[in-house]
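Enquirer: A single structure is presented below for examination.
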Amino acid sequence: MIHRDNVGPVCSLKFVALLVALSPELLFLGAGVQLRDNGYDGLLVAINPQVSEDQNLIANIKEMITEASSYLFNATKRRVFFRNIKILIPATWKANNYSKIKQESYEKANVIVTDWYGARGNDPSTLQYRGCGKEGKFIHLTPDFLLNDDLTAGYGSRGRVFVHEWAHLRWGVFDEYNSEKPFYINGQNQVKVTRCSSDITGIFVCEKGPCPQENCIISKLFKEGCMFIYNSTQNATASIMFMQSLSSVVEFCNASTHNQEAPNLQNQMCSLRSAWDVIADSDDFNHSLPLQGAELPPPPVFSLIQAGNRTVCLVLDVSSKMAEADRLLQLQQAAEFYLMQIVEIHTFVGIASFNSKGEIRAQLHQVNNDEDRKLLISYLPATASADAETSVCAGLKKGFEVVEKLNGKAFGSVMILVTSGDDERTADCLPTVLSSGSTIHTIALGSSAVKNLEEVSRLTGGLKFFVPDNPSSSSMIDAFSRISSGTGDIFQQHIQLESTGENVKAQHQLKSTVTVDSSVGNDTTFLVTWQTSGPPEIVLYDPSGRKYHTDDFITNLAFRTARLWIPGTAKPGLWTYTLNNTHHSLQALKVTVTSRTSCSAVPPAAVEAFVEGDSTRFPHPMMIYAIVRKGFYPILNATVTATIEPETADPVTLELFDDGAGADVIKNDGIYSRYFFSFAVNGRYSLKVHVSHSPSVSAQAHSAAGSHAMYVPGYITNGNIQMNAPSKSVGRSEKEQKWGFSRVSSGGAFSVLGVPAGPQPDVFPPCKIIDLEAVKVEEEVTLSWTAPGDDFDQGQANSYEIRISKSLQNIQDDFNSAILVNTSKLNPQQAGTKEIFTFSPELFTTGPEQQPNGETQKSHRIYVAMRAIDRNSLKSAVSNIAQASLLIPPNSAPVLARDDLILKGVLTAVGFIGVICLTIVVTHCTLNRKKRADKKKNETKLL
C-alpha cells in the first residue's frame with residue numbers, strides 16, 4: 001500500500017494545471033464563500049421549507065446584509081464587505097420569478113432561516129465546533145427575528161447582529177459576555193462586570209430601581225433580582241463581540257481595549273487574545289490589503305434562486321473491475337434500496353453506465369409510486385462487462401445527456417458516480433463538470449479507484465464516500481442512505497436507524513435489536529442482504545411480540561436482498577431480529593433499517609457525521625465530528641461510536657465525546673468529537689457513526705447549541721431605566737421518552753498519506769488542555785481540567801508541567817520562563833478524567849516577578865497555564881490560560897460556579913468547625929491551668 005503515495009504524479013500535476021487555468025467563476029460554483037478583491041462572493045442564505053411564504057422575509061434579509069456590509073467594512077478598517085449573496089427560496093413557495101439553482105442547496109448554506117426547536121427563542125446564533133480562529137458551520141436566524149421589529153430593541157439592528165455572527169462563523173472568535181458569570185474580581189480587587197471593553201458604563205439595578213453595588217453583592221453572592229444595566233449613550237467604540245446593539249460600538253476589541261480579565265468564552269478559547277488579534281491572523285486578512293481612498297464599496301448584489309424539479313442520475317461503473325470482491329452485487333443492493341426507499345417522491349431519476357464508453361440505461365422517469373421505482377430497478381446493470389478500462393468522463397457525459405433532456409441544462413441536477421476503476425483522464429472533463437451546474441456525489445470502490453475522484457465532489461459541492469473490499473461492510477448502503485435531496489426538509493427524508501453487517505458462520509446467527517422511537521415510525525423498512533445463494537432464515541419481532549418471517553419479506557434473489565415495509569406507523573420500542581445463516585459456509589449478512597418522522601410538528605433526533613478535512617498526512621490526526629440534535633436542540637449523554645474502515649486493514653471503533661476537552665471544543669453542545677490517528681495504511685478511509693441513547697439517561701440541554709448574540713434586558717437613557725420586553729423562551733412540549741433512540745449516519749471518506757511501513761514510532765503527543773480553570777479558595781488556588789492522554793486524547797499522560805506568572809504577557813509569550821509549580825505528587829489520570837490540583841501561590845509569588853522589559857510588577861492576580869508530557873517526553877501544546885485573584889475584598893466576590901460554591905462551602909464549614917474545636921480546646925486548657933493555679937495557691941496558704 002505504501003506505493004500509492006507516489007501514484008499518478010503526472011495525473012495530479014495535470015489536475016492542478018487545469019484548476020489554475022479555469023476561470024474564477026467556474027471555481028466558485030461549488031466552493032462556498034470566497035474573498036475576492038476585498039468582497040465576499042458566494043454567500044448562501046437558505047430559507048427552510050417549513051417557513052411560511054412571506055416576501056417581507058426576503059426584503060428584510062436584503063436590508064440586513066446591506067447594512068451589515070457597510071458596518072463590516074468600517075469595523076474591519078476598510079478591509080472586507082459583502083459583494084454577491086444568493087438567497088435560496090424554498091420550493092414550497094409559489095412565487096416563480098426566481099432563477100434556478102445550480103449546485104446550491106439548503107445543506108450547504110452559510111446562513112439558514114428556520115424556527116427554533118430549542119429554548120433560546122429568537123437568539124441569532126452560530127454553530128462553532130472547532131475552536132479559536134477556525135470557521136464555524138452556519139449562522140442560524142429565526143423568521144421572527146427577521147420580521148419582528150420589536151426585537152431590535154434588545155438585539156440592536158439586524159445588520160449589526162449579522163456582523164457579530166459573521167465574526168463567529170468566518171473568523172472563529174467567541175462571545176465576550178457571559179450570562180453565567182456576569183461578575184468577576186479584577187487585579188485591583190474590585191468586583192467588575194464581565195464586558196469588553198471595560199470602558200462601557202452602566203449601573204446596578206435592584207428590584208426597585210437603581211442601587212449601589214454593595215446592595216447587590218451580599219454574602220459573597222449576587223443578589224437575586226439585581227442586574228447591571230448599561231447606559232444607552234456610550235463613549236466606548238468596542239466591542240462588536242460584546243454588545244453590538246450600542247450605537248457607539250463600531251469596532252472589535254483590540255489589544256489596547258480588550259478586557260483580558262473577563263471570564264468569557266473569547267478569553268477561554270483564544271488564550272486571552274483579543275477578537276481583533278484573532279481576526280487579523282485570518283487568511284482573509286493575510287491575503288488582502290485595506291482599500292485605499294474614502295469611497296464606500298458598492299452595495300451587495302442579491303440573487304434569488306429556487307430549486308426546480310429534483311433530478312438524479314446514477315452513473316455506474318460496469319467495467320470488469322466491478323466483478324471483483326462482490327462490488328457489483330453491493331452496488332445492486334444499495335442502488336435498489338436507494339430507488340425503493342431513499343429517493344424522494346416526485347424526483348426524476350435516470351441511469352447511465354460506463355466502462356471505456358458510456359451508455360444511457362434509463363432516461364428520466366418521475367418517481368410517483370412503487371411501480372415507477374421497480375421499473376427503474378429493472379434498468380440497473382445485471383453483469384459487469386469484459387472491458388477492464390474505465391472512463392469516468394464518458395460516464396458523466398451520458399449522465400449530463402440524461403438530465404439535460406428535462407430542461408435543456410443540468411443546472412440543479414445530482415449525479416451519483418460509482419466507480420472502482422483507475423482512470424487518469426478524469427481531469428479532461430473537469431471544465432464541463434464545473435460549468436454543468438450539477439452536484440456530483442462520488443463513491444469509490446476498492447483500493448484502485450480513481451485517485452482524484454474526490455476533487456470532482458469537492459469542486460461541485462458533492463459528498464464523497466469510500467467502500468472497502470470487505471464483504472461485511474455496509475458502507476455502500478450507508479453512502480446511498482446519506483444522499484438526500486438537500487432541501488432541509490427533515491420531515492420528508494428517511495432516517496437511518498440501524499446499519500450493521502457481520503461474517504456469519506454456517507448455521508450461526510446474527511441477532512440484535514433496533515429501537516424505533518416515537519418521533520419516527522412512518523415508512524419504516526427493514527432490509528436484509530446476503531452474499532451467496534438463497535436468503536438466510538429471518539425472524540423479526542415487533543415490541544408487542546408480533547412475529548415476521550422470511551416469507552413476509554419481498555425477496556430479490558438476483559440482488560440477494562429481502563425487504564420488509566411496515567404499513568402505517570411502526571410500533572415504538574425494541575424490535576428484535578435474528579438472521580440464521582442456513583448456507584453451508586460463512587457469508588456476510590447485513591441489516592439496514594430506515595424510517596421517517598411520525599409527526600410533522602416535532603423534529604426527530606438526527607445525527608450528522610463528518611471529518612474536518614478531505615485528507616491528512618501522518619502524523620497529523622483527523623478530527624471526527626458527530627452533531628446529535630433534535631431540531632437545533634443538542635442531545636446530551638448519548639453514546640456515539642465512530643467506525644473507521646481503511647482500504648486494506650481491519651475497521652477501528654472510536655467513542656466520541658461531548659465533554660469540552662481534547663478534540664471537543666465546547667461541552668454539552670451536542671457536538672461529539674475525537675482525534676483519530678490509528679492509521680494502518682495509506683489511502684482512503686470510510687467513516688460511519690452510530691448513536692444510541694438510553695431512556696434512563698437525561699437528554700435535556702439548557703439551550704440550543706452555538707454562540708448567541710446578546711439580548712440586552714434594558715438601558716439607562718437620560719437617567720431613566722428603560723427595560724426591554726423579556727427575551728422569548730421556547731419551552732419543549734415533548735412526550736416522555738420511554739424507549740431511547742438509535743441512529744446511524746455515514747460520515748463520508750477521507751484520505752491519509754505518509755503512513756510509514758512497519759511499526760510506527762511514538763510521534764503523537766498529548767492533546768492540548770483547553771478547559772483549565774483556576775479558583776481561589778482561602779489561601780490556595782485550586783486548578784481543574786480534563787486529563788489528556790499519552791497520545792492526544794487516548795491513554796494516560798506521564799506528567800504535567802504547570803507554570804504561573806503575575807504577568808499575562810510573560811506566560812503568553814514565554815511559557816518556559818514563567819514560575820514552575822511543584823507537581824511531583826500529581827500523577828496524571830486516564831484521558832477524559834477530571835483532574836483537580838491545589839497549591840499555594842504564596843510559595844511561588846512572594847516576591848515581585850521580573851518582567852521581560854526588566855521592570856517589576858505588583859499584582860493581585862496570577863495567570864496559570866500547563867502542558868502534559870508523555871512517556872517519551874513529547875509535550876502537548878500549552879493550555880488555555882486560567883487566572884485567579886489572590887485577594888478577595890470583604891463582603892464581595894464574583895459569582896462562583898455551583899461546584900466552586902459547594903467546595904468553598906465545605907471548606908468554610910470545615911474551617912468553622914475547626915475554629916470551634918480550637919476554641920473549646922483553648923478554653924479547656926485555660927480552665928485546667930486556672931484550676932491548677934488555684935490549687936497550688938491554696939496549698940501554699942496551708943503551708
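Simple scheme: letters A, B, ... for chains in C-alpha cells order, numbers from 1 for residues in each chain, numbers from 1 for ligands in the order shown.
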Could you pull out all residues of stretch 462-699 of chain A with a DSSP call of strand (DSSP E) and give them as a VMD selection string?
Expert: chain A and resid 464 to 467 495 to 504 509 to 516 520 to 529 537 to 541 547 to 549 554 to 556 561 to 569 573 to 580 587 to 597 605 to 611 615 to 617 622 to 630 633 to 634 639 to 646 652 to 656 671 to 676 683 to 693
Enquirer: With only C-alpha atoms as the counted atoms, please give the residues lying no more than 6 Å from stretch 747-749 of chain A, apart from itself and same-chain residues fewer than 3 positions off, as a ChimeraX atom specification.
Expert: /A:464-466,609-610,685-688
Enquirer: Would you list the contacts of stretch 521-531 of chain A as an MDAnalysis selection string, taking every protein, DNA or RNA residue within 8 Å and counting only C-alpha atoms, but skipping same-chain residues closer than 5 positions in sequence?
Expert: chainID A and resid 333 337 341 471 516 536 560:572 587:598
Enquirer: Write to file, as a PDB file, in the first residue's frame, the residues of the selection just made, with N, CA and C atoms.
Expert:
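Written file, selection-v2.pdb:
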ATOM      1  N   GLN A 333     -27.395  -3.980  -4.608  1.00  0.00           N
ATOM      2  CA  GLN A 333     -28.170  -3.958  -3.362  1.00  0.00           C
ATOM      3  C   GLN A 333     -28.422  -2.530  -2.882  1.00  0.00           C
ATOM      4  N   PHE A 337     -32.025  -0.344  -2.951  1.00  0.00           N
ATOM      5  CA  PHE A 337     -32.522   0.250  -1.706  1.00  0.00           C
ATOM      6  C   PHE A 337     -32.741   1.755  -1.875  1.00  0.00           C
ATOM      7  N   GLN A 341     -36.436   3.193  -1.425  1.00  0.00           N
ATOM      8  CA  GLN A 341     -36.703   3.806  -0.121  1.00  0.00           C
ATOM      9  C   GLN A 341     -36.204   5.240   0.045  1.00  0.00           C
ATOM     10  N   PRO A 471     -16.458  -7.812   2.734  1.00  0.00           N
ATOM     11  CA  PRO A 471     -17.805  -8.330   2.463  1.00  0.00           C
ATOM     12  C   PRO A 471     -18.835  -7.981   3.541  1.00  0.00           C
ATOM     13  N   VAL A 516     -37.054   1.731  17.631  1.00  0.00           N
ATOM     14  CA  VAL A 516     -37.886   2.667  16.873  1.00  0.00           C
ATOM     15  C   VAL A 516     -38.517   3.600  17.896  1.00  0.00           C
ATOM     16  N   PRO A 536     -31.049 -15.893   4.133  1.00  0.00           N
ATOM     17  CA  PRO A 536     -30.973 -16.533   5.447  1.00  0.00           C
ATOM     18  C   PRO A 536     -32.389 -16.685   6.014  1.00  0.00           C
ATOM     19  N   ARG A 560     -29.992 -10.495  -4.168  1.00  0.00           N
ATOM     20  CA  ARG A 560     -29.807 -11.072  -2.825  1.00  0.00           C
ATOM     21  C   ARG A 560     -30.204 -10.068  -1.737  1.00  0.00           C
ATOM     22  N   THR A 561     -31.444  -9.581  -1.865  1.00  0.00           N
ATOM     23  CA  THR A 561     -31.996  -8.650  -0.873  1.00  0.00           C
ATOM     24  C   THR A 561     -33.375  -9.132  -0.455  1.00  0.00           C
ATOM     25  N   ALA A 562     -33.725  -8.842   0.783  1.00  0.00           N
ATOM     26  CA  ALA A 562     -35.070  -9.089   1.301  1.00  0.00           C
ATOM     27  C   ALA A 562     -35.516  -7.825   2.038  1.00  0.00           C
ATOM     28  N   ARG A 563     -36.715  -7.331   1.701  1.00  0.00           N
ATOM     29  CA  ARG A 563     -37.159  -6.040   2.234  1.00  0.00           C
ATOM     30  C   ARG A 563     -38.549  -6.191   2.844  1.00  0.00           C
ATOM     31  N   LEU A 564     -38.704  -5.652   4.056  1.00  0.00           N
ATOM     32  CA  LEU A 564     -39.999  -5.651   4.738  1.00  0.00           C
ATOM     33  C   LEU A 564     -40.397  -4.213   5.019  1.00  0.00           C
ATOM     34  N   TRP A 565     -41.563  -3.824   4.480  1.00  0.00           N
ATOM     35  CA  TRP A 565     -42.093  -2.480   4.725  1.00  0.00           C
ATOM     36  C   TRP A 565     -43.213  -2.586   5.747  1.00  0.00           C
ATOM     37  N   ILE A 566     -43.120  -1.780   6.818  1.00  0.00           N
ATOM     38  CA  ILE A 566     -44.121  -1.806   7.884  1.00  0.00           C
ATOM     39  C   ILE A 566     -45.218  -0.794   7.539  1.00  0.00           C
ATOM     40  N   PRO A 567     -46.449  -1.226   7.318  1.00  0.00           N
ATOM     41  CA  PRO A 567     -47.513  -0.268   6.988  1.00  0.00           C
ATOM     42  C   PRO A 567     -47.869   0.621   8.174  1.00  0.00           C
ATOM     43  N   GLY A 568     -48.359   1.829   7.855  1.00  0.00           N
ATOM     44  CA  GLY A 568     -48.742   2.760   8.918  1.00  0.00           C
ATOM     45  C   GLY A 568     -47.532   3.246   9.690  1.00  0.00           C
ATOM     46  N   THR A 569     -47.693   3.377  11.002  1.00  0.00           N
ATOM     47  CA  THR A 569     -46.607   3.812  11.883  1.00  0.00           C
ATOM     48  C   THR A 569     -46.115   2.637  12.698  1.00  0.00           C
ATOM     49  N   ALA A 570     -44.830   2.345  12.591  1.00  0.00           N
ATOM     50  CA  ALA A 570     -44.253   1.210  13.316  1.00  0.00           C
ATOM     51  C   ALA A 570     -44.367   1.433  14.818  1.00  0.00           C
ATOM     52  N   LYS A 571     -44.620   0.358  15.541  1.00  0.00           N
ATOM     53  CA  LYS A 571     -44.752   0.457  16.994  1.00  0.00           C
ATOM     54  C   LYS A 571     -43.439   0.919  17.621  1.00  0.00           C
ATOM     55  N   PRO A 572     -43.496   1.910  18.500  1.00  0.00           N
ATOM     56  CA  PRO A 572     -42.258   2.339  19.164  1.00  0.00           C
ATOM     57  C   PRO A 572     -41.785   1.308  20.176  1.00  0.00           C
ATOM     58  N   GLN A 587     -20.791 -16.555   5.381  1.00  0.00           N
ATOM     59  CA  GLN A 587     -21.153 -15.487   4.449  1.00  0.00           C
ATOM     60  C   GLN A 587     -21.499 -14.213   5.214  1.00  0.00           C
ATOM     61  N   ALA A 588     -21.422 -13.083   4.511  1.00  0.00           N
ATOM     62  CA  ALA A 588     -21.715 -11.788   5.109  1.00  0.00           C
ATOM     63  C   ALA A 588     -23.219 -11.543   5.099  1.00  0.00           C
ATOM     64  N   LEU A 589     -23.771 -11.242   6.270  1.00  0.00           N
ATOM     65  CA  LEU A 589     -25.186 -10.875   6.413  1.00  0.00           C
ATOM     66  C   LEU A 589     -25.250  -9.446   6.934  1.00  0.00           C
ATOM     67  N   LYS A 590     -26.193  -8.659   6.380  1.00  0.00           N
ATOM     68  CA  LYS A 590     -26.281  -7.237   6.761  1.00  0.00           C
ATOM     69  C   LYS A 590     -27.734  -6.847   6.977  1.00  0.00           C
ATOM     70  N   VAL A 591     -27.930  -5.884   7.880  1.00  0.00           N
ATOM     71  CA  VAL A 591     -29.272  -5.368   8.184  1.00  0.00           C
ATOM     72  C   VAL A 591     -29.218  -3.848   8.151  1.00  0.00           C
ATOM     73  N   THR A 592     -30.180  -3.248   7.461  1.00  0.00           N
ATOM     74  CA  THR A 592     -30.333  -1.793   7.441  1.00  0.00           C
ATOM     75  C   THR A 592     -31.791  -1.467   7.741  1.00  0.00           C
ATOM     76  N   VAL A 593     -32.008  -0.492   8.631  1.00  0.00           N
ATOM     77  CA  VAL A 593     -33.373  -0.077   8.986  1.00  0.00           C
ATOM     78  C   VAL A 593     -33.481   1.432   8.800  1.00  0.00           C
ATOM     79  N   THR A 594     -34.509   1.855   8.059  1.00  0.00           N
ATOM     80  CA  THR A 594     -34.768   3.284   7.888  1.00  0.00           C
ATOM     81  C   THR A 594     -36.219   3.579   8.218  1.00  0.00           C
ATOM     82  N   SER A 595     -36.485   4.861   8.528  1.00  0.00           N
ATOM     83  CA  SER A 595     -37.841   5.274   8.857  1.00  0.00           C
ATOM     84  C   SER A 595     -37.971   6.760   8.578  1.00  0.00           C
ATOM     85  N   ARG A 596     -39.191   7.265   8.650  1.00  0.00           N
ATOM     86  CA  ARG A 596     -39.432   8.701   8.527  1.00  0.00           C
ATOM     87  C   ARG A 596     -40.159   9.197   9.763  1.00  0.00           C
ATOM     88  N   THR A 597     -40.177  10.518   9.933  1.00  0.00           N
ATOM     89  CA  THR A 597     -40.788  11.103  11.121  1.00  0.00           C
ATOM     90  C   THR A 597     -42.274  10.773  11.190  1.00  0.00           C
ATOM     91  N   SER A 598     -42.762  10.626  12.415  1.00  0.00           N
ATOM     92  CA  SER A 598     -44.164  10.277  12.625  1.00  0.00           C
ATOM     93  C   SER A 598     -45.038  11.493  12.879  1.00  0.00           C
TER      94      SER A 598
END
Enquirer: With a distance cut-off of 7 Å and only C-alpha atoms, select the neighbouring residues of A:Ala774, excluding the residue or stretch itself and same-chain residues fewer than 6 positions from it, and output the selection as a PyMOL selection string.
Expert: chain A and resi 781-784+882-884
Enquirer: Store the residues of this selection in a file with N, CA, C and O atoms, as a PDB file, in the first residue's frame.
Expert:
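Saved the output as again.pdb:
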ATOM      1  N   VAL A 781      -5.001  28.085  45.581  1.00  0.00           N
ATOM      2  CA  VAL A 781      -5.633  28.098  44.265  1.00  0.00           C
ATOM      3  C   VAL A 781      -5.882  26.648  43.852  1.00  0.00           C
ATOM      4  O   VAL A 781      -4.986  25.813  43.924  1.00  0.00           O
ATOM      5  N   THR A 782      -7.111  26.369  43.468  1.00  0.00           N
ATOM      6  CA  THR A 782      -7.469  25.025  43.007  1.00  0.00           C
ATOM      7  C   THR A 782      -7.645  25.053  41.499  1.00  0.00           C
ATOM      8  O   THR A 782      -8.437  25.843  40.975  1.00  0.00           O
ATOM      9  N   LEU A 783      -6.892  24.204  40.821  1.00  0.00           N
ATOM     10  CA  LEU A 783      -6.990  24.067  39.361  1.00  0.00           C
ATOM     11  C   LEU A 783      -7.819  22.841  39.028  1.00  0.00           C
ATOM     12  O   LEU A 783      -7.775  21.833  39.734  1.00  0.00           O
ATOM     13  N   SER A 784      -8.573  22.929  37.940  1.00  0.00           N
ATOM     14  CA  SER A 784      -9.305  21.764  37.439  1.00  0.00           C
ATOM     15  C   SER A 784      -9.201  21.733  35.921  1.00  0.00           C
ATOM     16  O   SER A 784      -9.153  22.775  35.270  1.00  0.00           O
ATOM     17  N   ALA A 882      -5.572  30.202  32.485  1.00  0.00           N
ATOM     18  CA  ALA A 882      -6.552  30.464  33.543  1.00  0.00           C
ATOM     19  C   ALA A 882      -6.007  31.569  34.443  1.00  0.00           C
ATOM     20  O   ALA A 882      -4.804  31.838  34.476  1.00  0.00           O
ATOM     21  N   GLN A 883      -6.895  32.212  35.189  1.00  0.00           N
ATOM     22  CA  GLN A 883      -6.470  33.315  36.046  1.00  0.00           C
ATOM     23  C   GLN A 883      -7.247  33.280  37.355  1.00  0.00           C
ATOM     24  O   GLN A 883      -8.363  32.771  37.422  1.00  0.00           O
ATOM     25  N   ALA A 884      -6.624  33.824  38.393  1.00  0.00           N
ATOM     26  CA  ALA A 884      -7.265  33.859  39.700  1.00  0.00           C
ATOM     27  C   ALA A 884      -6.812  35.099  40.449  1.00  0.00           C
ATOM     28  O   ALA A 884      -5.659  35.528  40.330  1.00  0.00           O
TER      29      ALA A 884
END
Enquirer: By how many Å are atom CA of A:Asn724 and atom CA of A:Val45 apart?
Expert: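 Result for atom CA of A:Asn724 versus atom CA of A:Val45: 29.0 Å, one decimal.
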Enquirer: Got a sec: who's within 9 Å of A:Trp739, counting only C-alpha atoms, leaving out chain neighbours fewer than 6 positions off, as a list of chain:residue names?
Expert: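 Listing them by chain and then by number gives A:Thr515, A:Val516, A:Asp517, A:Ser518, A:Pro572, A:Gly573, A:Leu574, A:His693, A:Ser694, A:Pro695, A:Ser696.
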Enquirer: Go ahead and save the picked residues with all heavy atoms, as a compact mmCIF listing (two decimals), in the first residue's frame.
Expert:
# COMPACT_ATOMS: atom_id res chain seq x y z
N THR A 515 -33.99 0.19 18.04
CA THR A 515 -35.02 0.98 18.70
C THR A 515 -35.74 1.86 17.68
O THR A 515 -35.10 2.61 16.94
CB THR A 515 -34.41 1.89 19.79
OG1 THR A 515 -33.74 1.08 20.75
CG2 THR A 515 -35.48 2.71 20.49
N VAL A 516 -37.05 1.73 17.63
CA VAL A 516 -37.89 2.67 16.87
C VAL A 516 -38.52 3.60 17.90
O VAL A 516 -39.36 3.18 18.69
CB VAL A 516 -38.97 1.94 16.05
CG1 VAL A 516 -39.86 2.94 15.34
CG2 VAL A 516 -38.34 0.98 15.05
N ASP A 517 -38.08 4.86 17.93
CA ASP A 517 -38.60 5.80 18.93
C ASP A 517 -39.87 6.47 18.42
O ASP A 517 -40.23 6.35 17.24
CB ASP A 517 -37.54 6.83 19.31
CG ASP A 517 -37.06 7.63 18.12
OD1 ASP A 517 -36.26 7.09 17.33
OD2 ASP A 517 -37.48 8.79 17.96
N SER A 518 -40.54 7.20 19.30
CA SER A 518 -41.85 7.75 18.96
C SER A 518 -41.79 8.89 17.96
O SER A 518 -42.82 9.26 17.40
CB SER A 518 -42.54 8.24 20.24
OG SER A 518 -41.74 9.20 20.91
N PRO A 572 -43.50 1.91 18.50
CA PRO A 572 -42.26 2.34 19.16
C PRO A 572 -41.79 1.31 20.18
O PRO A 572 -42.59 0.63 20.82
CB PRO A 572 -42.67 3.65 19.85
CG PRO A 572 -44.14 3.55 20.03
CD PRO A 572 -44.66 2.72 18.90
N GLY A 573 -40.47 1.20 20.29
CA GLY A 573 -39.89 0.26 21.22
C GLY A 573 -38.80 -0.57 20.56
O GLY A 573 -38.30 -0.22 19.49
N LEU A 574 -38.44 -1.67 21.20
CA LEU A 574 -37.35 -2.52 20.70
C LEU A 574 -37.88 -3.55 19.70
O LEU A 574 -38.80 -4.31 20.01
CB LEU A 574 -36.67 -3.25 21.86
CG LEU A 574 -35.70 -2.44 22.72
CD1 LEU A 574 -35.16 -3.29 23.86
CD2 LEU A 574 -34.55 -1.90 21.89
N HIS A 693 -29.13 6.13 22.55
CA HIS A 693 -29.44 6.89 23.76
C HIS A 693 -30.39 6.08 24.61
O HIS A 693 -31.44 5.64 24.14
CB HIS A 693 -30.07 8.24 23.41
CG HIS A 693 -30.00 9.23 24.51
ND1 HIS A 693 -30.83 9.20 25.62
CD2 HIS A 693 -29.17 10.29 24.72
CE1 HIS A 693 -30.51 10.19 26.43
NE2 HIS A 693 -29.51 10.87 25.91
N SER A 694 -30.00 5.87 25.85
CA SER A 694 -30.81 5.08 26.77
C SER A 694 -31.95 5.93 27.31
O SER A 694 -31.76 7.11 27.63
CB SER A 694 -29.94 4.58 27.93
OG SER A 694 -30.74 4.04 28.95
N PRO A 695 -33.15 5.35 27.47
CA PRO A 695 -34.26 6.13 28.03
C PRO A 695 -34.05 6.52 29.48
O PRO A 695 -34.70 7.42 29.99
CB PRO A 695 -35.45 5.17 27.88
CG PRO A 695 -34.85 3.81 27.81
CD PRO A 695 -33.53 3.98 27.12
N SER A 696 -33.11 5.82 30.16
CA SER A 696 -32.86 6.12 31.57
C SER A 696 -31.89 7.28 31.77
O SER A 696 -31.67 7.71 32.89
CB SER A 696 -32.31 4.87 32.27
OG SER A 696 -31.07 4.50 31.69
Enquirer: Need to verify the contact set: A:Ala479, 9 Å, only C-alpha atoms, exclusion of same-chain residues closer than 2 positions in sequence. Can you return it as a count of residues only?
Expert: 17
Enquirer: What's around stretch 435-438 of chain A at 6 Å? Count only C-alpha atoms, leave out sequence neighbours fewer than 6 positions away in its own chain, and write the answer as a tab-separated table (two decimals) with all heavy atoms, in the first residue's frame.
Expert:
chain	number	residue	atom	x	y	z
A	102	LYS	N	-28.06	26.04	-9.18
A	102	LYS	CA	-27.04	25.22	-9.84
A	102	LYS	C	-26.60	24.17	-8.82
A	102	LYS	O	-27.23	23.13	-8.68
A	102	LYS	CB	-25.88	26.10	-10.32
A	102	LYS	CG	-26.31	27.05	-11.45
A	102	LYS	CD	-25.14	27.87	-11.97
A	102	LYS	CE	-25.61	28.79	-13.09
A	102	LYS	NZ	-24.51	29.67	-13.58
A	103	GLN	N	-25.53	24.47	-8.09
A	103	GLN	CA	-25.06	23.49	-7.11
A	103	GLN	C	-25.42	23.89	-5.68
A	103	GLN	O	-24.95	23.28	-4.73
A	103	GLN	CB	-23.54	23.34	-7.24
A	103	GLN	CG	-23.15	22.67	-8.55
A	103	GLN	CD	-21.74	22.98	-8.98
A	103	GLN	OE1	-21.13	23.93	-8.52
A	103	GLN	NE2	-21.22	22.19	-9.91
A	410	ALA	N	-28.21	21.03	-17.14
A	410	ALA	CA	-28.02	20.13	-15.99
A	410	ALA	C	-28.09	20.89	-14.67
A	410	ALA	O	-27.84	20.31	-13.62
A	410	ALA	CB	-26.68	19.41	-16.12
A	411	PHE	N	-28.41	22.20	-14.71
A	411	PHE	CA	-28.45	23.02	-13.50
A	411	PHE	C	-29.32	22.34	-12.42
A	411	PHE	O	-30.45	21.92	-12.69
A	411	PHE	CB	-29.04	24.39	-13.80
A	411	PHE	CG	-28.10	25.30	-14.55
A	411	PHE	CD1	-26.84	24.88	-14.94
A	411	PHE	CD2	-28.48	26.60	-14.87
A	411	PHE	CE1	-25.98	25.72	-15.63
A	411	PHE	CE2	-27.63	27.45	-15.56
A	411	PHE	CZ	-26.38	27.01	-15.95
A	412	GLY	N	-28.77	22.27	-11.20
A	412	GLY	CA	-29.54	21.75	-10.07
A	412	GLY	C	-29.65	20.25	-10.02
A	412	GLY	O	-30.23	19.70	-9.08
A	413	SER	N	-29.12	19.54	-11.02
A	413	SER	CA	-29.21	18.08	-11.02
A	413	SER	C	-28.18	17.47	-10.08
A	413	SER	O	-27.23	18.13	-9.64
A	413	SER	CB	-29.02	17.53	-12.43
A	413	SER	OG	-27.70	17.79	-12.89
A	414	VAL	N	-28.37	16.19	-9.79
A	414	VAL	CA	-27.46	15.45	-8.91
A	414	VAL	C	-26.99	14.20	-9.64
A	414	VAL	O	-27.80	13.48	-10.24
A	414	VAL	CB	-28.16	15.06	-7.59
A	414	VAL	CG1	-27.31	14.07	-6.80
A	414	VAL	CG2	-28.44	16.30	-6.75
Enquirer: Which residue, A:Thr833, A:Thr616, A:Ser751, A:Thr648, has the smallest gap to A:Asp469 when you use only C-alpha atoms?
Expert: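 Looking at the shortest contact to A:Asp469, the residue is A:Thr648.
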Enquirer: What are the DSSP alpha helix (DSSP H) residues of stretch 407-504 of chain A, as a list in words?
Expert: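 Everything in stretch 407-504 of chain A that counts as alpha helix (DSSP H) is Asn407, Leu430, Pro431, Thr432, Val433, Leu434, Ser435, Leu453, Glu454, Glu455, Val456, Ser457, Arg458, Leu459, Thr460, Ser475, Met476, Ile477, Asp478, Ala479, Phe480, Ser481 and Arg482 of chain A.
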Enquirer: What's the separation between atom CA of A:Val665 and atom CA of A:Ala709, in Å to one decimal place?
Expert: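 Atom-to-atom, atom CA of A:Val665 to atom CA of A:Ala709, that is 19.0 Å.
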Enquirer: Work out how far atom CA of A:Ile666 is from atom CA of A:Tyr129, in Å to one decimal.
Expert: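 Atom-to-atom, atom CA of A:Tyr129 and atom CA of A:Ile666 are spaced 7.3 Å apart.
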Enquirer: Given only C-alpha atoms, how would the per-residue table for stretch 109-165 of chain A near stretch 275-282 of chain A read, listing every residue at most 12 Å away with its closest atom pair and distance in Å to one decimal, sorted by chain and number, as JSON lines?
Expert:
{"residue": "A:Gly131", "atom": "CA", "partner": "A:Val278", "partner_atom": "CA", "distance": 11.4}
{"residue": "A:Cys132", "atom": "CA", "partner": "A:Val278", "partner_atom": "CA", "distance": 7.7}
{"residue": "A:Gly133", "atom": "CA", "partner": "A:Val278", "partner_atom": "CA", "distance": 6.0}
{"residue": "A:Lys134", "atom": "CA", "partner": "A:Ser282", "partner_atom": "CA", "distance": 8.7}
{"residue": "A:Glu135", "atom": "CA", "partner": "A:Ser282", "partner_atom": "CA", "distance": 9.9}
{"residue": "A:His164", "atom": "CA", "partner": "A:Ala275", "partner_atom": "CA", "distance": 11.1}
